[in-house]
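my_file19.txt (compact mmCIF, C-alpha atoms) appears below.
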```
# COMPACT_ATOMS: atom_id res chain seq x y z
CA MET A 925 42.46 81.56 178.18
CA LYS A 926 40.08 82.82 175.49
CA LYS A 927 39.04 85.65 177.78
CA MET A 928 42.70 86.56 178.37
CA LYS A 929 43.39 86.56 174.61
CA LYS A 930 40.38 88.78 174.06
CA ILE A 931 41.58 91.22 176.71
CA LEU A 932 45.07 91.28 175.19
CA LYS A 933 43.63 91.82 171.74
CA ILE A 934 41.54 94.76 172.95
CA ALA A 935 44.53 96.19 174.81
CA LEU A 936 46.76 95.89 171.74
CA LEU A 937 44.12 97.47 169.49
CA THR A 938 43.66 100.29 172.00
CA LEU A 939 47.41 100.83 172.13
CA LEU A 940 47.59 100.81 168.33
CA VAL A 941 44.82 103.40 168.11
CA LEU A 942 46.63 105.58 170.64
CA VAL A 943 49.89 105.25 168.71
CA VAL A 944 48.10 106.23 165.49
CA ILE A 945 46.41 109.20 167.16
CA ILE A 946 49.69 110.38 168.66
CA GLY A 947 51.44 109.84 165.33
CA VAL A 948 48.80 111.84 163.48
CA TYR A 949 49.04 114.63 166.06
CA ILE A 950 52.83 114.76 165.82
CA TRP A 951 52.74 114.73 162.02
CA ASN A 952 50.10 117.47 161.89
CA ALA A 953 52.19 119.55 164.28
CA PHE A 954 55.65 118.89 162.92
CA GLY A 955 55.09 117.41 159.45
CA PRO A 956 55.51 120.70 157.53
CA PHE A 957 58.73 121.37 159.45
CA VAL A 958 60.06 117.90 158.72
CA LYS A 959 59.22 118.24 155.02
CA GLY A 960 60.89 121.65 154.94
CA ALA A 961 64.02 120.38 156.67
CA MET A 962 64.25 117.37 154.35
CA SER A 963 63.95 119.60 151.27
CA VAL A 964 67.38 121.18 151.81
CA GLU A 965 69.65 120.85 148.80
CA LYS A 966 73.21 122.12 148.40
CA LEU A 967 73.48 124.24 145.26
CA ASP A 968 77.08 125.43 145.43
CA ASP A 969 79.76 126.29 147.95
CA GLY A 970 78.08 128.51 150.51
CA LEU A 971 74.57 128.32 149.03
CA TYR A 972 71.66 125.99 149.84
CA TYR A 973 68.01 125.75 148.83
CA MET A 974 64.92 124.71 150.80
CA GLU A 975 61.13 124.84 150.51
CA TYR A 976 58.44 125.35 153.16
CA LYS A 977 54.66 125.22 152.86
CA GLY A 978 52.40 125.83 155.83
CA ASP A 979 51.94 128.13 158.81
CA ASP A 980 54.99 130.37 158.93
CA GLY A 981 54.30 131.71 162.42
CA PHE A 982 54.20 135.35 161.39
CA ASP A 983 50.57 135.97 162.36
CA ALA A 984 51.36 134.79 165.88
CA LEU A 985 54.50 136.91 165.88
CA MET A 986 52.59 140.08 165.03
CA ALA A 987 49.79 139.21 167.46
CA LYS A 988 52.41 139.21 170.22
CA GLY A 989 53.47 142.69 169.16
CA GLY A 990 56.60 141.62 167.32
CA PHE A 991 60.11 141.91 168.78
CA GLU A 992 62.63 144.69 169.20
CA THR A 993 65.86 142.70 169.09
CA THR A 994 67.42 140.00 166.99
CA ASP A 995 67.93 137.88 170.10
CA GLN A 996 64.20 137.99 170.86
CA LEU A 997 63.34 137.15 167.27
CA ALA A 998 65.75 134.22 167.28
CA SER A 999 64.27 132.94 170.53
CA TYR A 1000 60.77 133.18 169.09
CA ALA A 1001 61.85 131.25 166.00
CA MET A 1002 63.19 128.41 168.14
CA GLU A 1003 60.02 128.41 170.25
CA PHE A 1004 57.83 128.25 167.13
CA LEU A 1005 59.82 125.45 165.53
CA SER A 1006 59.57 123.39 168.72
CA LYS A 1007 55.85 124.13 169.14
CA GLY A 1008 56.61 125.80 172.45
CA HIS A 1009 58.63 122.93 173.91
CA TYR A 1010 61.94 124.80 173.67
CA LYS A 1011 62.31 128.42 174.73
CA PRO A 1012 66.00 129.33 174.56
CA GLU A 1013 67.75 132.60 175.25
CA MET A 1014 69.60 133.46 172.05
CA LYS A 1015 72.68 135.63 171.66
CA THR A 1016 73.55 136.93 168.22
CA GLY A 1017 76.70 138.55 166.94
CA LYS A 1018 77.47 141.91 165.34
CA THR A 1019 79.00 141.82 161.88
CA ASP A 1020 79.22 144.46 159.18
CA PHE A 1021 78.26 143.69 155.61
CA GLY A 1022 78.22 145.61 152.37
CA CYS A 1023 75.95 145.36 149.33
CA THR A 1024 74.82 146.92 146.07
CA ALA A 1025 71.51 146.95 144.21
CA ILE A 1026 70.16 148.31 140.92
CA THR A 1027 66.73 148.30 139.26
CA VAL A 1028 66.29 148.68 135.49
CA ALA A 1029 63.71 148.32 132.74
CA THR A 1030 64.14 145.76 129.97
CA PRO A 1031 63.82 146.45 126.23
CA GLU A 1032 60.57 144.43 126.27
CA GLY A 1033 59.02 146.52 129.05
CA GLY A 1034 59.97 144.25 131.93
CA VAL A 1035 61.60 145.15 135.24
CA LEU A 1036 64.79 143.61 136.67
CA MET A 1037 66.54 144.10 140.00
CA GLY A 1038 70.14 143.03 140.63
CA ARG A 1039 71.68 142.66 144.07
CA ASN A 1040 75.04 141.65 145.59
CA PHE A 1041 75.25 140.55 149.21
CA ASP A 1042 78.80 141.14 150.47
CA PHE A 1043 79.81 139.50 153.75
CA PRO A 1044 83.11 138.42 155.33
CA SER A 1045 81.79 134.88 155.77
CA ALA A 1046 78.37 133.57 154.85
CA VAL A 1047 76.33 130.42 154.40
CA GLY A 1048 73.32 131.46 152.34
CA VAL A 1049 70.01 129.64 152.30
CA VAL A 1050 67.51 130.29 149.51
CA MET A 1051 64.10 129.74 151.07
CA HIS A 1052 61.02 129.23 148.90
CA THR A 1053 58.01 129.80 151.14
CA ILE A 1054 54.29 129.30 150.53
CA PRO A 1055 52.65 130.46 153.78
CA GLU A 1056 49.06 129.67 154.72
CA LYS A 1057 48.44 133.41 154.85
CA GLY A 1058 50.47 135.76 152.72
CA TYR A 1059 52.34 135.79 149.44
CA GLU A 1060 54.62 133.09 148.13
CA SER A 1061 58.22 134.26 148.11
CA ILE A 1062 61.81 133.32 147.43
CA ALA A 1063 64.19 134.95 149.88
CA THR A 1064 67.73 134.54 151.17
CA PHE A 1065 69.15 134.52 154.66
CA ASN A 1066 72.53 133.82 156.18
CA VAL A 1067 72.73 131.13 158.86
CA GLU A 1068 75.60 133.10 160.36
CA PHE A 1069 73.09 135.89 161.01
CA TYR A 1070 72.38 134.16 164.34
CA GLY A 1071 76.06 133.77 165.04
CA PHE A 1072 75.82 130.00 164.49
CA GLY A 1073 78.86 129.92 162.23
CA GLU A 1074 80.43 127.27 160.01
CA GLY A 1075 79.27 124.41 162.23
CA TYR A 1076 75.65 125.16 161.39
CA LYS A 1077 75.65 124.60 157.66
CA PRO A 1078 72.25 123.10 156.78
CA GLU A 1079 73.67 119.61 156.43
CA GLY A 1080 72.25 116.81 158.57
CA PHE A 1081 68.68 116.83 159.84
CA ALA A 1082 69.29 118.89 162.99
CA ASN A 1083 70.95 121.75 161.12
CA GLN A 1084 68.43 121.52 158.27
CA TYR A 1085 65.62 121.84 160.80
CA LEU A 1086 67.39 124.80 162.38
CA ALA A 1087 67.54 126.47 158.95
CA LEU A 1088 63.76 126.89 159.13
CA SER A 1089 64.53 129.92 161.30
CA GLY A 1090 64.73 131.67 157.94
CA LEU A 1091 60.93 131.87 158.05
CA PHE A 1092 61.40 134.91 160.27
CA VAL A 1093 64.37 136.66 158.73
CA ALA A 1094 65.40 137.60 155.22
CA LEU A 1095 68.13 139.72 153.76
CA ASP A 1096 66.53 140.02 150.32
CA GLY A 1097 63.87 138.41 148.18
CA ILE A 1098 60.96 138.63 145.76
CA ASN A 1099 57.33 137.60 146.13
CA GLU A 1100 54.67 136.34 143.73
CA LYS A 1101 53.43 139.88 143.02
CA GLY A 1102 56.83 141.01 141.79
CA PHE A 1103 57.69 143.06 144.87
CA ALA A 1104 61.43 142.85 145.58
CA ILE A 1105 63.49 144.10 148.50
CA ALA A 1106 67.11 143.99 149.70
CA ASP A 1107 68.80 145.03 152.94
CA LEU A 1108 72.01 147.06 152.74
CA MET A 1109 74.21 148.73 155.34
CA ALA A 1110 73.54 152.48 155.28
CA GLY A 1111 76.99 153.68 156.26
CA ASP A 1112 77.16 154.34 160.01
CA SER A 1113 76.36 152.75 163.37
CA ILE A 1114 73.47 155.02 164.33
CA VAL A 1115 70.72 152.53 165.07
CA THR A 1116 66.99 152.98 164.61
CA ASN A 1117 64.70 152.29 167.55
CA GLN A 1118 61.24 153.68 166.90
CA ARG A 1119 58.90 153.86 169.89
CA SER A 1120 55.14 153.99 169.52
CA SER A 1121 52.15 151.73 170.00
CA ASN A 1122 52.90 149.93 166.71
CA PRO A 1123 54.17 146.33 166.60
CA ASP A 1124 57.95 146.03 166.67
CA LEU A 1125 60.15 144.34 164.08
CA THR A 1126 63.85 144.16 163.40
CA THR A 1127 65.31 145.01 160.00
CA THR A 1128 65.40 141.45 158.67
CA GLY A 1129 62.11 140.53 160.33
CA ALA A 1130 60.52 143.48 158.53
CA ILE A 1131 61.77 142.19 155.17
CA ARG A 1132 60.02 138.87 155.74
CA TYR A 1133 56.89 140.75 156.85
CA LEU A 1134 56.89 142.84 153.66
CA LEU A 1135 57.48 139.85 151.38
CA ASN A 1136 54.47 138.16 152.99
CA ASN A 1137 52.15 141.16 152.72
CA ALA A 1138 53.22 143.81 150.17
CA ALA A 1139 52.27 143.58 146.50
CA SER A 1140 53.97 146.87 145.59
CA VAL A 1141 56.38 149.52 146.81
CA ASP A 1142 53.47 151.74 147.88
CA GLU A 1143 51.96 148.92 149.96
CA ALA A 1144 55.36 148.22 151.51
CA LEU A 1145 55.82 151.86 152.51
CA LYS A 1146 52.39 151.88 154.11
CA LEU A 1147 53.20 148.70 156.06
CA LEU A 1148 56.53 150.16 157.24
CA LYS A 1149 54.70 153.18 158.64
CA GLY A 1150 52.61 150.77 160.71
CA ILE A 1151 55.52 149.13 162.54
CA ASP A 1152 58.29 150.31 164.84
CA MET A 1153 61.64 149.58 163.21
CA HIS A 1154 64.66 148.37 165.20
CA SER A 1155 68.09 147.96 163.64
CA ASP A 1156 69.70 144.54 163.46
CA ILE A 1157 73.36 143.97 164.46
CA GLY A 1158 73.84 147.43 165.96
CA ALA A 1159 74.15 149.31 162.68
CA ALA A 1160 72.21 151.53 160.30
CA HIS A 1161 70.40 149.90 157.37
CA HIS A 1162 68.54 150.99 154.31
CA PHE A 1163 66.21 149.06 152.02
CA ALA A 1164 66.25 148.92 148.23
CA MET A 1165 62.71 148.21 147.05
CA ALA A 1166 61.13 147.82 143.61
CA ASP A 1167 57.98 146.39 142.07
CA ALA A 1168 56.57 145.17 138.78
CA SER A 1169 55.45 148.69 137.81
CA GLY A 1170 59.09 149.76 137.71
CA LYS A 1171 58.93 151.94 140.80
CA SER A 1172 62.15 151.78 142.80
CA VAL A 1173 63.00 153.54 146.06
CA VAL A 1174 65.54 153.47 148.86
CA VAL A 1175 64.13 153.63 152.41
CA GLU A 1176 66.43 155.15 155.05
CA TYR A 1177 66.03 156.10 158.69
CA VAL A 1178 67.27 159.40 160.10
CA ASP A 1179 66.65 160.27 163.76
CA ASN A 1180 64.14 157.42 163.91
CA GLN A 1181 62.16 158.87 161.03
CA MET A 1182 61.62 156.98 157.78
CA VAL A 1183 62.87 158.81 154.68
CA VAL A 1184 62.11 157.67 151.12
CA VAL A 1185 64.42 158.46 148.21
CA GLU A 1186 63.54 157.60 144.62
CA SER A 1187 66.64 155.92 143.23
CA PRO A 1188 67.35 152.93 140.97
CA THR A 1189 70.81 152.35 142.49
CA VAL A 1190 72.17 152.05 146.02
CA ALA A 1191 75.28 150.89 147.87
CA ASN A 1192 76.48 151.49 151.43
CA HIS A 1193 76.12 155.19 152.03
CA TYR A 1194 73.12 157.42 152.64
CA LEU A 1195 71.29 158.93 149.68
CA CYS A 1196 68.79 161.17 151.49
CA GLU A 1197 69.42 164.91 151.66
CA ALA A 1198 69.74 164.98 155.45
CA LYS A 1199 72.73 162.61 155.47
CA HIS A 1200 73.79 162.64 151.83
CA ASN A 1201 76.94 160.55 151.23
CA ALA A 1202 77.40 159.82 154.95
CA GLY A 1203 79.27 156.54 155.18
CA LEU A 1204 80.87 156.82 151.74
CA VAL A 1205 84.36 155.35 151.96
CA GLU A 1206 87.16 156.88 149.90
CA GLY A 1207 88.02 154.58 147.01
CA ASP A 1208 84.68 152.76 147.08
CA ASN A 1209 83.32 153.40 143.58
CA ARG A 1210 80.67 150.67 143.41
CA TYR A 1211 77.79 153.16 143.51
CA ASP A 1212 79.38 155.37 140.87
CA LYS A 1213 79.96 152.35 138.62
CA LEU A 1214 76.31 151.34 138.85
CA CYS A 1215 75.14 154.88 138.18
CA GLU A 1216 77.46 155.09 135.17
CA ARG A 1217 76.11 151.83 133.73
CA TYR A 1218 72.56 153.00 134.36
CA ASP A 1219 73.14 156.34 132.63
CA GLN A 1220 74.92 154.71 129.68
CA THR A 1221 71.91 152.51 128.95
CA GLY A 1222 69.23 154.99 129.93
CA GLY A 1223 68.17 152.54 132.62
CA VAL A 1224 67.27 149.88 130.05
CA MET A 1225 69.11 146.55 130.17
CA ASP A 1226 68.40 142.96 129.27
CA LYS A 1227 69.18 140.22 131.77
CA LYS A 1228 72.68 139.64 130.42
CA THR A 1229 73.60 143.33 130.56
CA LEU A 1230 72.25 143.70 134.09
CA THR A 1231 74.14 140.60 135.23
CA GLU A 1232 77.34 142.07 133.80
CA ALA A 1233 76.65 145.38 135.59
CA ILE A 1234 76.09 143.81 138.99
CA LYS A 1235 79.01 141.43 138.43
CA ALA A 1236 81.29 144.44 137.83
CA VAL A 1237 80.67 145.67 141.39
CA SER A 1238 80.88 142.26 143.09
CA GLN A 1239 83.68 141.89 145.61
CA PRO A 1240 86.54 139.36 145.50
CA GLU A 1241 87.43 137.56 148.71
CA VAL A 1242 90.59 139.41 149.71
CA GLU A 1243 91.03 139.17 153.46
CA GLY A 1244 91.49 142.52 155.18
CA LYS A 1245 90.60 144.50 152.08
CA PHE A 1246 87.17 143.57 150.74
CA LEU A 1247 84.02 141.89 151.91
CA GLY A 1248 83.57 138.97 149.55
CA THR A 1249 80.30 138.72 147.61
CA ALA A 1250 78.45 135.79 149.17
CA TRP A 1251 75.66 135.73 146.60
CA THR A 1252 74.33 137.71 143.64
CA MET A 1253 70.68 137.86 142.59
CA VAL A 1254 69.02 138.94 139.35
CA MET A 1255 65.26 139.21 139.92
CA ASP A 1256 62.57 139.43 137.24
CA LEU A 1257 59.70 141.45 138.68
CA LYS A 1258 57.24 141.16 135.78
CA ASN A 1259 57.56 137.38 135.67
CA PRO A 1260 58.45 136.75 139.30
CA SER A 1261 61.62 134.68 139.36
CA VAL A 1262 65.23 134.98 140.46
CA THR A 1263 68.63 133.77 139.30
CA TYR A 1264 71.29 133.22 141.95
CA TYR A 1265 75.08 133.09 141.66
CA SER A 1266 77.07 131.92 144.68
CA ARG A 1267 80.42 133.48 145.57
CA ARG A 1268 80.96 135.08 142.13
CA HIS A 1269 80.54 131.77 140.30
CA PHE A 1270 78.85 133.50 137.37
CA ASP A 1271 79.20 130.37 135.26
CA LYS A 1272 76.82 128.49 137.61
CA PRO A 1273 73.37 130.12 137.60
CA PHE A 1274 70.47 128.76 139.67
CA HIS A 1275 67.05 129.89 138.50
CA PHE A 1276 63.84 129.72 140.57
CA LYS A 1277 60.29 130.62 139.59
CA LEU A 1278 57.40 131.71 141.77
CA SER A 1279 54.15 129.89 141.08
CA ARG A 1280 51.54 128.32 143.31
CA THR A 1281 50.32 126.03 140.53
CA ASN A 1282 53.45 125.13 138.58
CA THR A 1283 56.63 123.43 139.65
CA PRO A 1284 58.30 126.09 141.84
CA LYS A 1285 61.90 125.24 141.10
CA GLY A 1286 63.81 124.90 137.90
CA LYS A 1287 67.55 125.21 137.43
CA VAL A 1288 69.11 126.81 134.41
```

What does the file become when written as structure tokens?
Amino acid sequence: MKKMKKILKIALLTLLVLVVIIGVYIWNAFGPFVKGAMSVEKLDDGLYYMEYKGDDGFDALMAKGGFETTDQLASYAMEFLSKGHYKPEMKTGKTDFGCTAITVATPEGGVLMGRNFDFPSAVGVVMHTIPEKGYESIATFNVEFYGFGEGYKPEGFANQYLALSGLFVALDGINEKGFAIADLMAGDSIVTNQRSSNPDLTTTGAIRYLLNNAASVDEALKLLKGIDMHSDIGAAHHFAMADASGKSVVVEYVDNQMVVVESPTVANHYLCEAKHNAGLVEGDNRYDKLCERYDQTGGVMDKKTLTEAIKAVSQPEVEGKFLGTAWTMVMDLKNPSVTYYSRRHFDKPFHFKLSRTNTPKGKV
């Protein structure tokens, strides 16, 4: 009997050790994902917040040569989040969106960038990321980007876990160095598909790549020259980019060639000489309004004035007539931080700071 008890005790201890080892392995593998998923917080209608710290999978993505299509990128995201145990074939939708952006100086010598993201229907997720390699950033993505729709709001653990796919896509954001970027429709459906020996990235994948690795506009332009760009959602895009020095440019693609235009304002038509005003819709005066505000102030605005300027070109949700503004951002590039407004609720600001040593989030 004593011998039997001893054997049982050893067996139980062995089993316990195995359970602990397996538990440690699972936590090491999935712990950062679980923490990220559990961090989701609803800020306002259509806008959520989450934090992630750890390996963001982008080194492995680039080592594989990147991806040419949104479907491939989405499939990679699901594979990464399952640690290779789930390799789905993803199908994403095509949806047009409109946007505006403006970069200004402040009276104190700072730099601000304002941005509206206009979309027929959107569930925005603000993702604060501190990757193992790369810059800390706060970026936004739309869960409907993957075609998931209303049923995939980041509510409930499964959908919150799924929201971690935002590690690979971004529509706009700012990093700890004060580099800011936003994606806007360029005005037509002529897609970019560059072909060379460079790694491939889609439009929104490239934004995440730049936020991770670019400290300035010049560094971002150099990085863009080192990848092959492929348009998301079957449409033309251009990037508004700015940095803490005050430099602001618009990056466009014409005949698969990157073109850089120095401009503090941008909307949804081309600015470059080769396709100047292509895509400009009659009656759309958002760009002109921003330019007028910029000229009136000499390009110098405080945060309140800039917020009023970007608010003036936000879009009401009128079905069949306008794309509603899903979110508005006012980014401080000298003191990296961003204030969000969801769905034109300009009385409800949400302010987030970038800092690896201080508390990363603080609401106004």

Query raised in the report: What does the distance from CA of Gly970 in chain A to CA of Ala1160 in chain A come to in Å, to one decimal?
Result: 25.7 Å

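Note that CA of Ala1063 in chain A and CA of Asp1112 in chain A are 25.4 Å apart.
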
Report summary line: Using all atoms listed in the file, the shortest atom-to-atom distance to Leu1135 in chain A among A:Glu1186, A:Glu1079, A:Asp1107, A:Glu1100 belongs to A:Glu1100

Query raised in the report: What lies within 7 Å of His1193 in chain A using only C-alpha atoms, ignoring chain neighbours under 6 positions off, as number ranges by chain?
Result: A: 1110-1111, 1201-1204

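Here CA of Arg1119 in chain A is placed at a distance of 9.4 Å from CA of Ile1151 in chain A.
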